[in-house]
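**Student:** Sending over run_15.txt (compact mmCIF, C-alpha atoms).
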# COMPACT_ATOMS: atom_id res chain seq x y z
CA MET A 545 110.95 84.67 110.33
CA ILE A 546 114.39 83.27 109.56
CA MET A 547 116.71 83.36 112.55
CA PRO A 548 120.22 84.71 112.00
CA THR A 549 122.90 82.06 112.04
CA GLN A 550 124.57 83.54 115.12
CA THR A 551 121.30 83.37 117.08
CA LEU A 552 120.87 79.70 116.20
CA LYS A 553 124.33 78.99 117.55
CA THR A 554 123.60 80.46 120.98
CA LYS A 555 120.34 78.61 121.58
CA LYS A 556 119.74 74.92 122.14
CA GLN A 557 119.26 73.35 118.75
CA LYS A 558 115.75 72.13 118.07
CA VAL A 559 114.97 69.51 115.49
CA ILE A 560 111.82 70.43 113.57
CA PHE A 561 110.22 68.07 111.06
CA HIS A 562 108.00 69.29 108.23
CA MET A 563 106.10 66.94 105.95
CA ASP A 564 104.43 67.99 102.70
CA GLY A 565 102.29 65.70 100.54
CA ASP A 566 103.41 65.35 96.93
CA ALA A 567 100.61 66.55 94.62
CA PHE A 568 98.40 65.31 97.44
CA PHE A 569 94.91 65.35 95.91
CA VAL A 570 96.13 63.68 92.73
CA GLY A 571 98.29 61.34 94.80
CA VAL A 572 95.20 60.12 96.61
CA GLU A 573 93.37 59.64 93.30
CA VAL A 574 96.26 57.52 92.03
CA ALA A 575 96.30 55.52 95.27
CA LYS A 576 92.57 54.82 94.76
CA ASN A 577 93.08 53.96 91.09
CA PRO A 578 96.65 52.76 90.34
CA LYS A 579 95.89 52.76 86.61
CA LEU A 580 96.34 56.55 86.75
CA LYS A 581 99.98 56.24 87.81
CA GLY A 582 102.35 58.00 85.42
CA LEU A 583 99.55 59.81 83.59
CA PRO A 584 98.79 63.55 83.40
CA VAL A 585 95.95 63.92 85.90
CA VAL A 586 94.26 66.97 87.44
CA THR A 587 91.45 67.48 89.91
CA GLY A 588 88.92 70.31 90.02
CA GLU A 589 86.33 69.31 87.44
CA GLU A 590 83.51 70.21 89.85
CA LYS A 591 84.93 73.72 90.38
CA GLY A 592 85.73 74.42 86.76
CA ILE A 593 89.43 75.10 87.48
CA VAL A 594 92.50 72.98 88.10
CA THR A 595 92.88 72.57 91.87
CA ALA A 596 95.69 69.99 91.85
CA LEU A 597 97.83 68.33 89.21
CA SER A 598 100.19 65.42 88.84
CA TYR A 599 103.86 66.01 88.09
CA GLU A 600 103.20 64.60 84.61
CA ALA A 601 100.54 67.26 84.00
CA LYS A 602 102.85 69.93 85.36
CA ALA A 603 105.56 68.80 82.93
CA LEU A 604 103.14 69.46 80.05
CA GLY A 605 102.69 73.05 81.20
CA VAL A 606 99.43 72.75 83.09
CA THR A 607 99.13 75.20 85.99
CA ARG A 608 96.92 75.35 89.08
CA GLY A 609 93.94 77.65 88.57
CA LEU A 610 93.70 77.03 84.82
CA PRO A 611 90.01 76.97 83.75
CA VAL A 612 88.91 73.47 82.79
CA PHE A 613 87.47 74.60 79.45
CA GLN A 614 90.90 75.97 78.49
CA LEU A 615 92.60 72.84 79.79
CA LYS A 616 90.50 70.67 77.48
CA LYS A 617 91.50 72.76 74.47
CA LEU A 618 95.18 73.13 75.31
CA PHE A 619 95.85 69.70 76.82
CA PRO A 620 93.26 67.24 75.50
CA LYS A 621 95.15 64.19 76.82
CA VAL A 622 95.00 65.32 80.44
CA ILE A 623 92.63 63.30 82.64
CA ILE A 624 90.25 65.56 84.58
CA LEU A 625 88.69 64.33 87.82
CA PRO A 626 86.27 65.84 90.33
CA GLY A 627 87.66 66.40 93.81
CA ASP A 628 86.94 63.65 96.35
CA TYR A 629 87.36 65.66 99.55
CA ARG A 630 86.17 62.94 101.89
CA SER A 631 88.93 60.68 100.65
CA TYR A 632 91.50 63.47 100.92
CA ALA A 633 90.50 64.09 104.55
CA ARG A 634 90.65 60.38 105.33
CA TYR A 635 94.10 59.95 103.79
CA SER A 636 95.27 63.11 105.52
CA GLN A 637 94.30 61.82 108.96
CA LYS A 638 95.94 58.46 108.31
CA MET A 639 99.10 60.23 107.16
CA PHE A 640 99.26 62.33 110.32
CA ASP A 641 98.53 59.28 112.47
CA ILE A 642 101.66 57.65 111.07
CA VAL A 643 103.72 60.70 112.07
CA ARG A 644 102.25 60.45 115.58
CA ARG A 645 103.69 56.96 115.92
CA TYR A 646 107.06 58.70 116.25
CA ALA A 647 106.27 62.15 117.67
CA ASP A 648 103.69 63.38 120.18
CA ASP A 649 104.02 67.07 119.33
CA VAL A 650 102.47 67.20 115.83
CA GLU A 651 100.94 70.37 114.38
CA GLU A 652 98.59 69.83 111.44
CA TYR A 653 99.22 72.88 109.27
CA SER A 654 97.03 72.02 106.27
CA ILE A 655 95.34 68.96 104.81
CA ASP A 656 98.67 67.64 103.52
CA GLU A 657 101.25 69.40 105.72
CA CYS A 658 102.35 69.04 109.30
CA PHE A 659 105.17 70.01 111.61
CA ALA A 660 106.52 67.81 114.39
CA GLU A 661 109.00 68.37 117.20
CA LEU A 662 111.64 65.64 117.05
CA THR A 663 114.16 67.14 119.46
CA GLY A 664 115.65 64.39 121.64
CA LEU A 665 113.56 61.58 120.14
CA ASP A 666 116.57 59.99 118.47
CA LYS A 667 117.67 58.37 121.75
CA PRO A 668 114.41 56.70 122.86
CA LEU A 669 113.63 55.65 119.29
CA LYS A 670 117.23 54.48 118.78
CA MET A 671 117.31 56.06 115.31
CA SER A 672 118.86 59.13 113.79
CA TYR A 673 116.51 61.95 112.84
CA ARG A 674 117.01 61.06 109.19
CA GLN A 675 116.11 57.44 109.90
CA ILE A 676 112.92 58.54 111.68
CA ALA A 677 111.91 60.54 108.60
CA GLU A 678 112.77 57.62 106.30
CA ARG A 679 110.60 55.29 108.38
CA ILE A 680 107.68 57.71 108.18
CA GLN A 681 108.06 58.03 104.41
CA GLN A 682 108.26 54.27 104.04
CA GLU A 683 105.20 53.54 106.16
CA ILE A 684 103.11 56.18 104.38
CA MET A 685 104.07 54.68 101.03
CA GLU A 686 103.44 51.09 102.13
CA GLU A 687 100.13 51.77 103.88
CA LEU A 688 98.64 54.59 101.81
CA ALA A 689 100.45 54.29 98.45
CA ILE A 690 101.23 58.02 98.41
CA THR A 691 104.52 59.88 98.68
CA VAL A 692 105.52 62.81 100.87
CA SER A 693 108.54 65.08 101.01
CA ILE A 694 110.16 65.81 104.35
CA GLY A 695 112.43 68.54 105.69
CA ILE A 696 114.32 68.54 108.98
CA ALA A 697 115.90 71.73 110.33
CA PRO A 698 116.42 73.86 113.48
CA THR A 699 113.37 76.09 112.78
CA LYS A 700 109.93 75.74 111.23
CA VAL A 701 110.74 78.09 108.35
CA LEU A 702 113.91 76.20 107.49
CA ALA A 703 112.11 72.85 107.80
CA LYS A 704 109.54 74.11 105.29
CA VAL A 705 112.34 75.21 102.95
CA ALA A 706 113.92 71.77 103.31
CA SER A 707 110.71 69.83 102.55
CA LYS A 708 110.37 71.63 99.22
CA TRP A 709 114.04 71.27 98.30
CA LYS A 710 113.60 67.87 96.68
CA LYS A 711 110.25 66.71 95.34
CA PRO A 712 108.62 64.27 95.01
CA ASN A 713 109.53 61.78 97.76
CA GLY A 714 112.38 63.99 98.92
CA LEU A 715 114.17 64.11 102.26
CA THR A 716 116.40 67.07 103.08
CA VAL A 717 118.16 67.79 106.36
CA ILE A 718 119.41 71.32 107.09
CA THR A 719 122.01 71.32 109.85
CA LYS A 720 123.45 74.28 111.72
CA ASP A 721 126.53 74.25 109.48
CA SER A 722 124.56 74.05 106.22
CA ILE A 723 122.10 76.88 106.98
CA PRO A 724 124.05 79.61 105.10
CA GLU A 725 124.34 77.46 101.97
CA PHE A 726 120.59 76.81 101.87
CA LEU A 727 119.72 80.45 102.55
CA LYS A 728 122.10 81.62 99.83
CA ASN A 729 120.40 79.34 97.31
CA THR A 730 116.80 80.01 98.34
CA PRO A 731 115.00 82.82 96.45
CA ILE A 732 113.33 85.20 98.88
CA GLY A 733 109.94 84.50 97.32
CA LYS A 734 110.22 80.84 98.32
CA ILE A 735 110.24 81.69 102.02
CA TRP A 736 107.08 80.83 103.97
CA GLY A 737 104.98 83.95 104.51
CA ILE A 738 106.60 86.10 101.81
CA GLY A 739 104.13 86.61 98.98
CA ARG A 740 104.33 88.17 95.55
CA GLN A 741 103.98 91.80 96.60
CA THR A 742 106.52 91.53 99.40
CA THR A 743 108.88 89.67 97.07
CA ALA A 744 108.66 92.48 94.50
CA PHE A 745 109.21 95.08 97.25
CA LEU A 746 112.27 93.24 98.58
CA HIS A 747 113.72 92.86 95.09
CA LYS A 748 113.60 96.64 94.73
CA LYS A 749 115.60 96.84 97.96
CA GLY A 750 118.23 94.47 96.62
CA ILE A 751 117.00 91.43 98.56
CA HIS A 752 116.95 88.43 96.26
CA THR A 753 117.82 85.48 98.48
CA ALA A 754 116.98 84.43 102.02
CA GLN A 755 120.58 85.07 102.99
CA ASP A 756 120.31 88.66 101.74
CA LEU A 757 117.49 89.20 104.24
CA VAL A 758 119.28 87.46 107.11
CA ASP A 759 122.30 89.71 106.55
CA LYS A 760 120.20 92.82 107.27
CA ASP A 761 120.12 94.06 110.85
CA VAL A 762 116.92 94.16 112.90
CA GLU A 763 116.45 97.92 112.47
CA TRP A 764 116.44 97.56 108.67
Go through the file and emit its structure as structure tokens.
**Tutor:**
Amino acid sequence: MIMPTQTLKTKKQKVIFHMDGDAFFVGVEVAKNPKLKGLPVVTGEEKGIVTALSYEAKALGVTRGLPVFQLKKLFPKVIILPGDYRSYARYSQKMFDIVRRYADDVEEYSIDECFAELTGLDKPLKMSYRQIAERIQQEIMEELAITVSIGIAPTKVLAKVASKWKKPNGLTVITKDSIPEFLKNTPIGKIWGIGRQTTAFLHKKGIHTAQDLVDKDVEW
């Protein structure tokens, strides 16, 4: 859950890193075949539904979960590929290995997401936390030819908010002082762990942003 601003102030500030692959499955396909770069591409042919899509496909209006037979009718120019899950797993491990060059405490959250504890690593690495993230992004791009978006913040939830703030290839740092601004501008449904039904319930209660929820007391 999101920690109230006053609680964050009284505890030692942690520095949590969250990395999220950009259209990861499609990104791997483009890395394998650079001729696909800049084209509307989706994966999921073997499942009969769109499982991942490039930003170019998304711009056309393609959505995840769209049946392939409908995709072919509605978007005939979109390139449809079967999923190559062995390659995705291989790229995933290489991506996480790069993060481990800089941090020992790495939590693999999904095939294209991980958290890492960076607290205090700026001194031994002789880099700011932002510079550490920039180096990780750079090495992933140079070695794997894929992009990732990174968020850095005092908590895991805020780090996840930050990693999705700018995509693709984004890097967002949420500091103690900037927390209220981010919470005020983050719809409640964008918070990790809050799904559609809970979002609808909270809207009925007048909770529309993350800050609205933080402002409520614990009893509420």
**Student:** Between CA of Ser672 in chain A and CA of Lys638 in chain A, what distance in Å does the model show, to one decimal?
**Tutor:**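 A separation of 23.6 Å between them.
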**Student:** Taking all atoms of range 662-670 of chain A that the file lists, what box with edges along x, y and z, padded by 6 Å per side, do you get, with centre and edge lengths in Å to one decimal, as lines of an AutoDock Vina configuration file?
**Tutor:**
center_x = 114.7
center_y = 60.8
center_z = 120.0
size_x = 18.0
size_y = 24.7
size_z = 17.8
**Student:** Please compute the CA of His747 in chain A-CA of Lys700 in chain A distance, one decimal, in Å.
**Tutor:** 23.8 Å
**Student:** For a test of reading the model, state the distance in Å between CA of Glu600 in chain A and CA of Tyr629 in chain A, rounded to one decimal.
**Tutor:**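 Between these atoms lies a distance of 21.8 Å.
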**Student:** Just the residues within 7 Å of Ile690 in chain A, please, counting all atoms listed in the file, with nothing from its chain fewer than 4 positions along; format it as an MDAnalysis selection string.
**Tutor:** chainID A and resid 571:572 575 684:685
**Student:** For the selection just defined, write its residues with C-alpha atoms to a file, as a PDB file, in the coordinates of the input.
**Tutor:**
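To be explicit, this is the file written out as again_39.pdb:
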ATOM      1  CA  GLY A 571      98.290  61.340  94.800  1.00  0.00           C
ATOM      2  CA  VAL A 572      95.200  60.120  96.610  1.00  0.00           C
ATOM      3  CA  ALA A 575      96.300  55.520  95.270  1.00  0.00           C
ATOM      4  CA  ILE A 684     103.110  56.180 104.380  1.00  0.00           C
ATOM      5  CA  MET A 685     104.070  54.680 101.030  1.00  0.00           C
TER       6      MET A 685
END
**Student:** Of the candidates A:Ile624, A:Val586, A:His562, A:Trp764, which one gets nearest to Thr607 in chain A if we count only C-alpha atoms?
**Tutor:**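 The answer is A:Val586, which sits nearest to Thr607 in chain A.
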**Student:** Name all residues at most 10 Å from range 695-699 of chain A (count only C-alpha atoms; drop same-chain ones fewer than 4 positions away) and give them as a ChimeraX atom specification.
**Tutor:** /A:545-547,552,556-564,659-663,673-674,677,703-710,714-720,722-723
**Student:** Would you output that residue set with C-alpha atoms, as a PDB file, in the frame of the given file?
**Tutor:**
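Output below, filename part-v1.pdb:
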ATOM      1  CA  MET A 545     110.950  84.670 110.330  1.00  0.00           C
ATOM      2  CA  ILE A 546     114.390  83.270 109.560  1.00  0.00           C
ATOM      3  CA  MET A 547     116.710  83.360 112.550  1.00  0.00           C
ATOM      4  CA  LEU A 552     120.870  79.700 116.200  1.00  0.00           C
ATOM      5  CA  LYS A 556     119.740  74.920 122.140  1.00  0.00           C
ATOM      6  CA  GLN A 557     119.260  73.350 118.750  1.00  0.00           C
ATOM      7  CA  LYS A 558     115.750  72.130 118.070  1.00  0.00           C
ATOM      8  CA  VAL A 559     114.970  69.510 115.490  1.00  0.00           C
ATOM      9  CA  ILE A 560     111.820  70.430 113.570  1.00  0.00           C
ATOM     10  CA  PHE A 561     110.220  68.070 111.060  1.00  0.00           C
ATOM     11  CA  HIS A 562     108.000  69.290 108.230  1.00  0.00           C
ATOM     12  CA  MET A 563     106.100  66.940 105.950  1.00  0.00           C
ATOM     13  CA  ASP A 564     104.430  67.990 102.700  1.00  0.00           C
ATOM     14  CA  PHE A 659     105.170  70.010 111.610  1.00  0.00           C
ATOM     15  CA  ALA A 660     106.520  67.810 114.390  1.00  0.00           C
ATOM     16  CA  GLU A 661     109.000  68.370 117.200  1.00  0.00           C
ATOM     17  CA  LEU A 662     111.640  65.640 117.050  1.00  0.00           C
ATOM     18  CA  THR A 663     114.160  67.140 119.460  1.00  0.00           C
ATOM     19  CA  TYR A 673     116.510  61.950 112.840  1.00  0.00           C
ATOM     20  CA  ARG A 674     117.010  61.060 109.190  1.00  0.00           C
ATOM     21  CA  ALA A 677     111.910  60.540 108.600  1.00  0.00           C
ATOM     22  CA  ALA A 703     112.110  72.850 107.800  1.00  0.00           C
ATOM     23  CA  LYS A 704     109.540  74.110 105.290  1.00  0.00           C
ATOM     24  CA  VAL A 705     112.340  75.210 102.950  1.00  0.00           C
ATOM     25  CA  ALA A 706     113.920  71.770 103.310  1.00  0.00           C
ATOM     26  CA  SER A 707     110.710  69.830 102.550  1.00  0.00           C
ATOM     27  CA  LYS A 708     110.370  71.630  99.220  1.00  0.00           C
ATOM     28  CA  TRP A 709     114.040  71.270  98.300  1.00  0.00           C
ATOM     29  CA  LYS A 710     113.600  67.870  96.680  1.00  0.00           C
ATOM     30  CA  GLY A 714     112.380  63.990  98.920  1.00  0.00           C
ATOM     31  CA  LEU A 715     114.170  64.110 102.260  1.00  0.00           C
ATOM     32  CA  THR A 716     116.400  67.070 103.080  1.00  0.00           C
ATOM     33  CA  VAL A 717     118.160  67.790 106.360  1.00  0.00           C
ATOM     34  CA  ILE A 718     119.410  71.320 107.090  1.00  0.00           C
ATOM     35  CA  THR A 719     122.010  71.320 109.850  1.00  0.00           C
ATOM     36  CA  LYS A 720     123.450  74.280 111.720  1.00  0.00           C
ATOM     37  CA  SER A 722     124.560  74.050 106.220  1.00  0.00           C
ATOM     38  CA  ILE A 723     122.100  76.880 106.980  1.00  0.00           C
TER      39      ILE A 723
END
**Student:** Looking at all atoms listed in the file, which of A:Ala647, A:Val762, A:Ile751, A:Ala596 is the one that sits closest to Pro626 in chain A?
**Tutor:**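 Using all atoms listed in the file, Pro626 in chain A sits closest to A:Ala596.
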**Student:** Nearest to Pro620 in chain A: which of A:Val585, A:Ile738, A:Arg645, A:Gln755 is it, counting all atoms listed in the file?
**Tutor:** A:Val585
**Student:** Could you give me, as a VMD selection string, the residues that sit within 8 Å of (83.8, 70.4, 84.4) in the file's coordinates, counting all atoms listed in the file?
**Tutor:** chain A and resid 588 to 593 612 to 613 626
**Student:** Name all residues at most 12 Å from Phe568 in chain A (count only C-alpha atoms; drop same-chain ones fewer than 3 positions away) and give them as a ChimeraX atom specification.
**Tutor:** /A:563-565,571-575,585-587,595-599,627-629,631-633,635-636,639,654-657,688-693,712-713
**Student:** Write out as a CSV table (one decimal) with C-alpha atoms, in the frame of the given file which residues come within 12 Å of Ala601 in chain A when counting only C-alpha atoms, dropping same-chain ones fewer than 5 positions away.
**Tutor:**
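Heads up, here's the output in selection-v1.csv:
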chain,number,residue,atom,x,y,z
A,567,ALA,CA,100.6,66.6,94.6
A,570,VAL,CA,96.1,63.7,92.7
A,580,LEU,CA,96.3,56.6,86.8
A,581,LYS,CA,100.0,56.2,87.8
A,582,GLY,CA,102.4,58.0,85.4
A,583,LEU,CA,99.6,59.8,83.6
A,584,PRO,CA,98.8,63.6,83.4
A,585,VAL,CA,96.0,63.9,85.9
A,586,VAL,CA,94.3,67.0,87.4
A,587,THR,CA,91.4,67.5,89.9
A,594,VAL,CA,92.5,73.0,88.1
A,596,ALA,CA,95.7,70.0,91.8
A,606,VAL,CA,99.4,72.8,83.1
A,607,THR,CA,99.1,75.2,86.0
A,608,ARG,CA,96.9,75.4,89.1
A,610,LEU,CA,93.7,77.0,84.8
A,615,LEU,CA,92.6,72.8,79.8
A,618,LEU,CA,95.2,73.1,75.3
A,619,PHE,CA,95.8,69.7,76.8
A,620,PRO,CA,93.3,67.2,75.5
A,621,LYS,CA,95.2,64.2,76.8
A,622,VAL,CA,95.0,65.3,80.4
A,623,ILE,CA,92.6,63.3,82.6
A,624,ILE,CA,90.2,65.6,84.6
**Student:** Give me the residues near Thr753 in chain A as a VMD selection string, where near means some atom within 6 Å (using all atoms listed in the file) and where sequence neighbours in that chain fewer than 3 positions away do not count.
**Tutor:** chain A and resid 728 730 to 732 756
**Student:** Counting only C-alpha atoms, figure out which residue out of A:Ala744, A:Leu665, A:Tyr646, A:Leu702 gets nearest to Gln681 in chain A.
**Tutor:**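 Answer, going by the shortest atom-to-atom distance: A:Tyr646.
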